[in-house]
Amino acid sequence: MNSIQRKEVKIFKEDFSYLFLQGKDHSKKIFFFHATGFNAETYAPFINSLYEHLNEDYSIYALDQRGHGLTNASAEPSELKSWETFFIDGKDFVNQFSAQENIIMGHSMGGVVASNISYKLQDNVKKIVLIDPVIQPESLKIKLPIPNFLRAVFFLLKNLFSKSRATEMISNAKKRRSEFLDQEEIFKHYFGRGAFKDWPEEFLRGYIKGGTKTNGQKLNLSCHPEWESKTFAVSYNASVRFIKKLTIPAYVPYASVGSTFSNSAMRMVKNKKQFIFEEIDGSHFFPMEKKDLLCNKIKDFIHKT
C-alpha cells in the first residue's frame, strides 16, 4: 500500500500544502476538503481507509485550505468576507489535477466547498460526497444586493439579541487556546474533551501533526483563533442556493445528533433523484467516530452505476 505524501502547490501564486495518495488508475481521482479549523491530516486515517476500501484504484488529494494546516497562503481575518474565498481556491486546486473521472467530497464546511466546486465544474465531476455539510436556513436565502459589510453589521447586531449554535461556535473559536509547549501538551489538552470527545487517538494525532507550526520555543495551532472565528462568522455571506442546480449524483450522509445539514436544505433538494440522503448514528464528527462504516458506504455509492 502506498503511504500518504505531503506536497506543495501554487494557487494564484500562493503556497498551499496538500496530502496525496497515488492510486493504481491514474484516470480516477478523489478531491477531499476538510472542516473549519481542521486540516487535511486530521482526516489521514479516514483517507487511508477510503483508499483501501476502493482497492487503491483512486488517487486522493486533500487540500489544507487557506488559513489552515500547513498552507502558507495569506490569511488576514479582516480580508475574509465569505466562503467564496475557499470556493475559488478549491476550484483552482481541482483544475490543476483534474483527470478523466473526478469525485469531489468534503466534511462540514468542506462539504459546502465540494458542492460549490462541483456546481462550477459539473461537466468534469462524476459524483460528489457531502459529509454533514454546513447548510443552514440563512445560507439558503436569496442574497440582497447590498455590501458584505452591511450584512456583517446586521449579523453582529442580530447576534447581540439572540443566542445560536453559530454564535457559540464563533465565540468559542475566538477564545481557543493556540499556544502550547509541544504536541503532547496539545494532545493532553484536547483528548476526550469537547469536539474531540469521541475521537480515536489517531485522528487527534493527525489534527495536531498537520495543524501546528513552531514559533520559537512554542508550538502554535496553524489555524489562528481569529481566522477560525471569522470563517464561522462569514458562513452566512455565501449563498448555497446553487445546490438546487446540481445535476451530479450526490451522497449526503448526515449526523443523527447535532447535524449541520438543516431540514430546510434537505427539503430544498429532496425531490432531486440523484441525491441520496442517509442519517448516520453519531455526532457531526462521525467521519472520525465511524470511519470504516462511512468509507464502506462511500465505496458502495462510488461503485454504484
# chains A, B, ... in the order shown; residues from 1 in each chain; ligands from 1
>>> residues_around(residues="Asp198 (chain A)", least_positions_apart="6", cutoff="12 Å", atoms="only C-alpha atoms", output="JSON, numbers by chain")
{"A": [190, 191, 192, 204, 282, 283, 284, 285, 286, 287, 288, 289, 290]}
>>> write_last_selection(atoms="C-alpha atoms", output="PDB file, in the first residue's frame")
ATOM      1  CA  TYR A 190      -7.885  18.035  23.860  1.00  0.00           C
ATOM      2  CA  PHE A 191      -8.114  14.247  24.179  1.00  0.00           C
ATOM      3  CA  GLY A 192     -11.580  13.141  25.337  1.00  0.00           C
ATOM      4  CA  LEU A 204      -6.393  13.785  17.151  1.00  0.00           C
ATOM      5  CA  GLY A 282     -23.327   9.681  15.664  1.00  0.00           C
ATOM      6  CA  SER A 283     -22.269  13.290  16.021  1.00  0.00           C
ATOM      7  CA  HIS A 284     -21.110  15.793  13.399  1.00  0.00           C
ATOM      8  CA  PHE A 285     -17.730  14.076  13.701  1.00  0.00           C
ATOM      9  CA  PHE A 286     -18.869  10.638  12.537  1.00  0.00           C
ATOM     10  CA  PRO A 287     -16.091  10.546   9.871  1.00  0.00           C
ATOM     11  CA  MET A 288     -13.734  10.199  12.847  1.00  0.00           C
ATOM     12  CA  GLU A 289     -16.022   8.149  15.073  1.00  0.00           C
ATOM     13  CA  LYS A 290     -17.077   5.637  12.389  1.00  0.00           C
TER      14      LYS A 290
END
>>> select_by_dssp(residues="region 4-194 of chain A", states="strand (DSSP E)", output="PyMOL selection string")
chain A and resi 5-11+14-21+28-33+59-63+101-107+127-131+179-180
>>> residues_around(residues="Leu221 (chain A)", least_positions_apart="6", cutoff="12 Å", atoms="only C-alpha atoms", output="PyMOL selection string")
chain A and resi 37-39+67-70+173+176-183+186+207-215+227-228
>>> write_last_selection(atoms="C-alpha atoms", output="short mmCIF file (atom, residue, chain, number, x, y, z; two decimals), in the first residue's frame")
data_model
loop_
_atom_site.label_atom_id
_atom_site.label_comp_id
_atom_site.auth_asym_id
_atom_site.auth_seq_id
_atom_site.Cartn_x
_atom_site.Cartn_y
_atom_site.Cartn_z
CA GLY A 37 -10.48 24.80 11.96
CA PHE A 38 -9.17 21.38 10.94
CA ASN A 39 -6.69 20.34 8.24
CA GLY A 67 -5.55 29.75 6.91
CA HIS A 68 -5.50 26.06 7.86
CA GLY A 69 -2.92 23.30 8.29
CA LEU A 70 0.49 23.78 6.69
CA ALA A 173 -13.21 29.66 18.32
CA ARG A 176 -9.47 28.91 21.75
CA ARG A 177 -6.02 28.43 23.24
CA SER A 178 -3.47 28.42 20.43
CA GLU A 179 -0.02 28.24 22.06
CA PHE A 180 1.49 25.12 23.65
CA LEU A 181 4.86 23.74 24.70
CA ASP A 182 4.74 20.68 22.42
CA GLN A 183 2.44 18.24 20.63
CA ILE A 186 -1.88 19.72 22.91
CA TYR A 207 -5.05 17.08 13.71
CA ILE A 208 -2.06 18.08 15.83
CA LYS A 209 0.62 16.93 13.39
CA GLY A 210 -0.94 18.68 10.40
CA GLY A 211 -2.22 21.73 12.25
CA THR A 212 0.69 23.15 14.23
CA LYS A 213 3.64 25.38 13.45
CA THR A 214 6.75 26.13 15.51
CA ASN A 215 7.02 29.64 16.93
CA TRP A 227 -9.23 33.14 11.40
CA GLU A 228 -11.32 30.20 12.58
#
>>> atom_distance(atom1="CA of Gln122 (chain A)", atom2="CA of Val240 (chain A)")
15.5 Å
>>> closest_residue(among="A:Pro253, A:Ser262, A:Lys273, A:Ala62", to="Leu130 (chain A)", atoms="only C-alpha atoms")
A:Pro253
>>> residues_around(residues="Glu52 (chain A)", least_positions_apart="2", cutoff="12 Å", atoms="only C-alpha atoms", output="list in words")
Met1, Asn2, Ser3, Leu21, Gln22, Gly23, Lys24, Pro45, Phe46, Ile47, Asn48, Ser49, Leu50, Leu54, Asn55, Glu56, Asp57, Tyr58, Ser59, Ile60, Lys291, Asp292, Cys295, Asn296, Ile298 and Lys299 of chain A
>>> select_by_dssp(residues="region 7-187 of chain A", states="helix (DSSP H, G or I)", output="short mmCIF file (atom, residue, chain, number, x, y, z; two decimals) with C-alpha atoms, in the first residue's frame")
data_model
loop_
_atom_site.label_atom_id
_atom_site.label_comp_id
_atom_site.auth_asym_id
_atom_site.auth_seq_id
_atom_site.Cartn_x
_atom_site.Cartn_y
_atom_site.Cartn_z
CA ALA A 40 -6.16 17.56 5.72
CA GLU A 41 -4.01 15.45 8.04
CA THR A 42 -6.81 15.33 10.61
CA TYR A 43 -8.54 13.01 8.13
CA ALA A 44 -5.48 10.86 7.29
CA PRO A 45 -6.96 7.71 8.94
CA PHE A 46 -10.21 8.24 7.02
CA ILE A 47 -8.32 8.86 3.75
CA ASN A 48 -6.24 5.70 4.22
CA SER A 49 -9.36 3.67 4.98
CA LEU A 50 -11.19 5.03 1.93
CA TYR A 51 -8.14 4.29 -0.25
CA GLU A 52 -8.19 0.65 0.91
CA HIS A 53 -11.95 0.30 0.54
CA PRO A 77 -9.21 37.74 9.12
CA SER A 78 -10.14 41.31 8.16
CA GLU A 79 -9.95 40.34 4.46
CA GLU A 84 -16.26 32.31 -1.66
CA THR A 85 -12.52 32.56 -0.86
CA PHE A 86 -12.41 28.82 -0.17
CA PHE A 87 -14.60 28.06 -3.20
CA ILE A 88 -12.17 29.88 -5.52
CA ASP A 89 -9.04 28.28 -4.02
CA GLY A 90 -10.62 24.82 -4.15
CA LYS A 91 -11.75 25.12 -7.74
CA ASP A 92 -8.24 26.07 -8.88
CA PHE A 93 -6.79 23.16 -6.89
CA VAL A 94 -9.11 20.66 -8.59
CA ASN A 95 -8.49 22.17 -12.02
CA GLN A 96 -4.73 21.71 -11.63
CA PHE A 97 -5.01 17.95 -11.08
CA MET A 109 -17.51 23.44 5.55
CA GLY A 110 -15.57 21.19 3.19
CA GLY A 111 -18.88 19.70 2.06
CA VAL A 112 -20.08 23.16 1.03
CA VAL A 113 -16.78 23.80 -0.75
CA ALA A 114 -17.10 20.45 -2.54
CA SER A 115 -20.67 21.21 -3.63
CA ASN A 116 -19.72 24.65 -4.99
CA ILE A 117 -16.74 23.31 -6.93
CA SER A 118 -18.91 20.52 -8.33
CA TYR A 119 -21.56 23.02 -9.40
CA LYS A 120 -18.96 25.11 -11.24
CA GLN A 122 -20.33 19.87 -13.38
CA ASP A 123 -19.19 18.63 -16.77
CA ASN A 124 -15.97 17.36 -15.23
CA PRO A 137 -31.51 28.25 6.56
CA GLU A 138 -29.62 31.56 6.46
CA SER A 139 -27.36 30.38 3.63
CA LEU A 140 -30.34 29.22 1.57
CA ASN A 148 -20.99 42.48 2.58
CA PHE A 149 -20.05 44.85 5.40
CA LEU A 150 -23.74 45.83 5.86
CA ARG A 151 -24.67 42.16 6.08
CA ALA A 152 -21.90 41.70 8.61
CA VAL A 153 -23.22 44.58 10.74
CA PHE A 154 -26.73 43.13 10.59
CA PHE A 155 -25.42 39.69 11.57
CA LEU A 156 -23.49 41.11 14.55
CA LEU A 157 -26.46 43.14 15.77
CA LYS A 158 -28.77 40.16 15.39
CA ASN A 159 -26.47 38.03 17.49
CA LEU A 160 -26.39 40.59 20.29
CA PHE A 161 -30.01 39.69 20.93
CA ARG A 165 -25.19 27.49 17.64
CA ALA A 166 -23.32 29.65 15.12
CA THR A 167 -22.63 32.48 17.55
CA GLU A 168 -21.49 29.96 20.14
CA MET A 169 -19.01 28.45 17.66
CA ILE A 170 -17.74 31.93 16.72
CA SER A 171 -17.21 32.85 20.35
CA ASN A 172 -15.59 29.53 21.29
CA ALA A 173 -13.21 29.66 18.32
CA LYS A 174 -12.07 33.17 19.21
CA GLN A 183 2.44 18.24 20.63
CA GLU A 184 1.97 16.10 23.73
CA GLU A 185 0.63 19.06 25.71
CA ILE A 186 -1.88 19.72 22.91
CA PHE A 187 -2.91 16.06 22.93
#
>>> closest_residue(among="A:Val252, A:Ile302, A:Ala75, A:Leu19", to="His107 (chain A)", atoms="only C-alpha atoms")
A:Val252
>>> decode(residues="region 110-121 of chain A", atoms="all heavy atoms", output="compact mmCIF listing (two decimals), in the first residue's frame")
# COMPACT_ATOMS: atom_id res chain seq x y z
N GLY A 110 -16.13 21.83 4.38
CA GLY A 110 -15.57 21.19 3.19
C GLY A 110 -16.63 20.60 2.29
O GLY A 110 -16.45 20.53 1.07
N GLY A 111 -17.77 20.20 2.87
CA GLY A 111 -18.88 19.70 2.06
C GLY A 111 -19.50 20.80 1.22
O GLY A 111 -19.89 20.58 0.07
N VAL A 112 -19.56 22.01 1.79
CA VAL A 112 -20.08 23.16 1.03
C VAL A 112 -19.09 23.53 -0.07
O VAL A 112 -19.49 23.82 -1.21
CB VAL A 112 -20.34 24.36 1.97
CG1 VAL A 112 -20.91 25.53 1.18
CG2 VAL A 112 -21.27 23.96 3.09
N VAL A 113 -17.81 23.52 0.26
CA VAL A 113 -16.78 23.80 -0.75
C VAL A 113 -16.88 22.78 -1.89
O VAL A 113 -16.85 23.14 -3.07
CB VAL A 113 -15.37 23.76 -0.11
CG1 VAL A 113 -14.28 23.87 -1.18
CG2 VAL A 113 -15.21 24.89 0.91
N ALA A 114 -17.01 21.52 -1.53
CA ALA A 114 -17.10 20.45 -2.54
C ALA A 114 -18.33 20.64 -3.43
O ALA A 114 -18.26 20.45 -4.65
CB ALA A 114 -17.16 19.08 -1.86
N SER A 115 -19.46 21.04 -2.84
CA SER A 115 -20.67 21.21 -3.63
C SER A 115 -20.54 22.40 -4.58
O SER A 115 -21.00 22.34 -5.73
CB SER A 115 -21.89 21.39 -2.72
OG SER A 115 -21.79 22.56 -1.93
N ASN A 116 -19.89 23.47 -4.13
CA ASN A 116 -19.72 24.65 -4.99
C ASN A 116 -18.79 24.35 -6.16
O ASN A 116 -19.07 24.71 -7.31
CB ASN A 116 -19.19 25.83 -4.19
CG ASN A 116 -19.07 27.09 -5.02
OD1 ASN A 116 -18.04 27.35 -5.62
ND2 ASN A 116 -20.13 27.88 -5.06
N ILE A 117 -17.68 23.68 -5.87
CA ILE A 117 -16.74 23.31 -6.93
C ILE A 117 -17.43 22.40 -7.95
O ILE A 117 -17.28 22.57 -9.17
CB ILE A 117 -15.51 22.59 -6.34
CG1 ILE A 117 -14.70 23.56 -5.46
CG2 ILE A 117 -14.63 22.01 -7.44
CD1 ILE A 117 -13.64 22.86 -4.63
N SER A 118 -18.21 21.45 -7.44
CA SER A 118 -18.91 20.52 -8.33
C SER A 118 -19.93 21.24 -9.20
O SER A 118 -20.11 20.89 -10.37
CB SER A 118 -19.60 19.44 -7.49
OG SER A 118 -18.64 18.71 -6.73
N TYR A 119 -20.59 22.23 -8.63
CA TYR A 119 -21.56 23.02 -9.40
C TYR A 119 -20.86 23.77 -10.53
O TYR A 119 -21.36 23.81 -11.67
CB TYR A 119 -22.26 24.00 -8.47
CG TYR A 119 -23.06 25.07 -9.17
CD1 TYR A 119 -24.18 24.74 -9.95
CD2 TYR A 119 -22.68 26.40 -9.09
CE1 TYR A 119 -24.91 25.73 -10.60
CE2 TYR A 119 -23.40 27.39 -9.75
CZ TYR A 119 -24.51 27.05 -10.50
OH TYR A 119 -25.21 28.03 -11.15
N LYS A 120 -19.69 24.33 -10.24
CA LYS A 120 -18.96 25.11 -11.24
C LYS A 120 -18.28 24.23 -12.28
O LYS A 120 -18.01 24.68 -13.40
CB LYS A 120 -17.93 26.01 -10.55
CG LYS A 120 -18.55 27.12 -9.72
CD LYS A 120 -17.49 27.89 -8.94
CE LYS A 120 -18.13 29.03 -8.15
NZ LYS A 120 -17.15 29.72 -7.27
N LEU A 121 -18.00 22.99 -11.91
CA LEU A 121 -17.28 22.08 -12.82
C LEU A 121 -18.13 20.85 -13.15
O LEU A 121 -17.59 19.75 -13.32
CB LEU A 121 -15.96 21.64 -12.17
CG LEU A 121 -14.97 22.74 -11.77
CD1 LEU A 121 -13.76 22.14 -11.06
CD2 LEU A 121 -14.50 23.53 -13.00
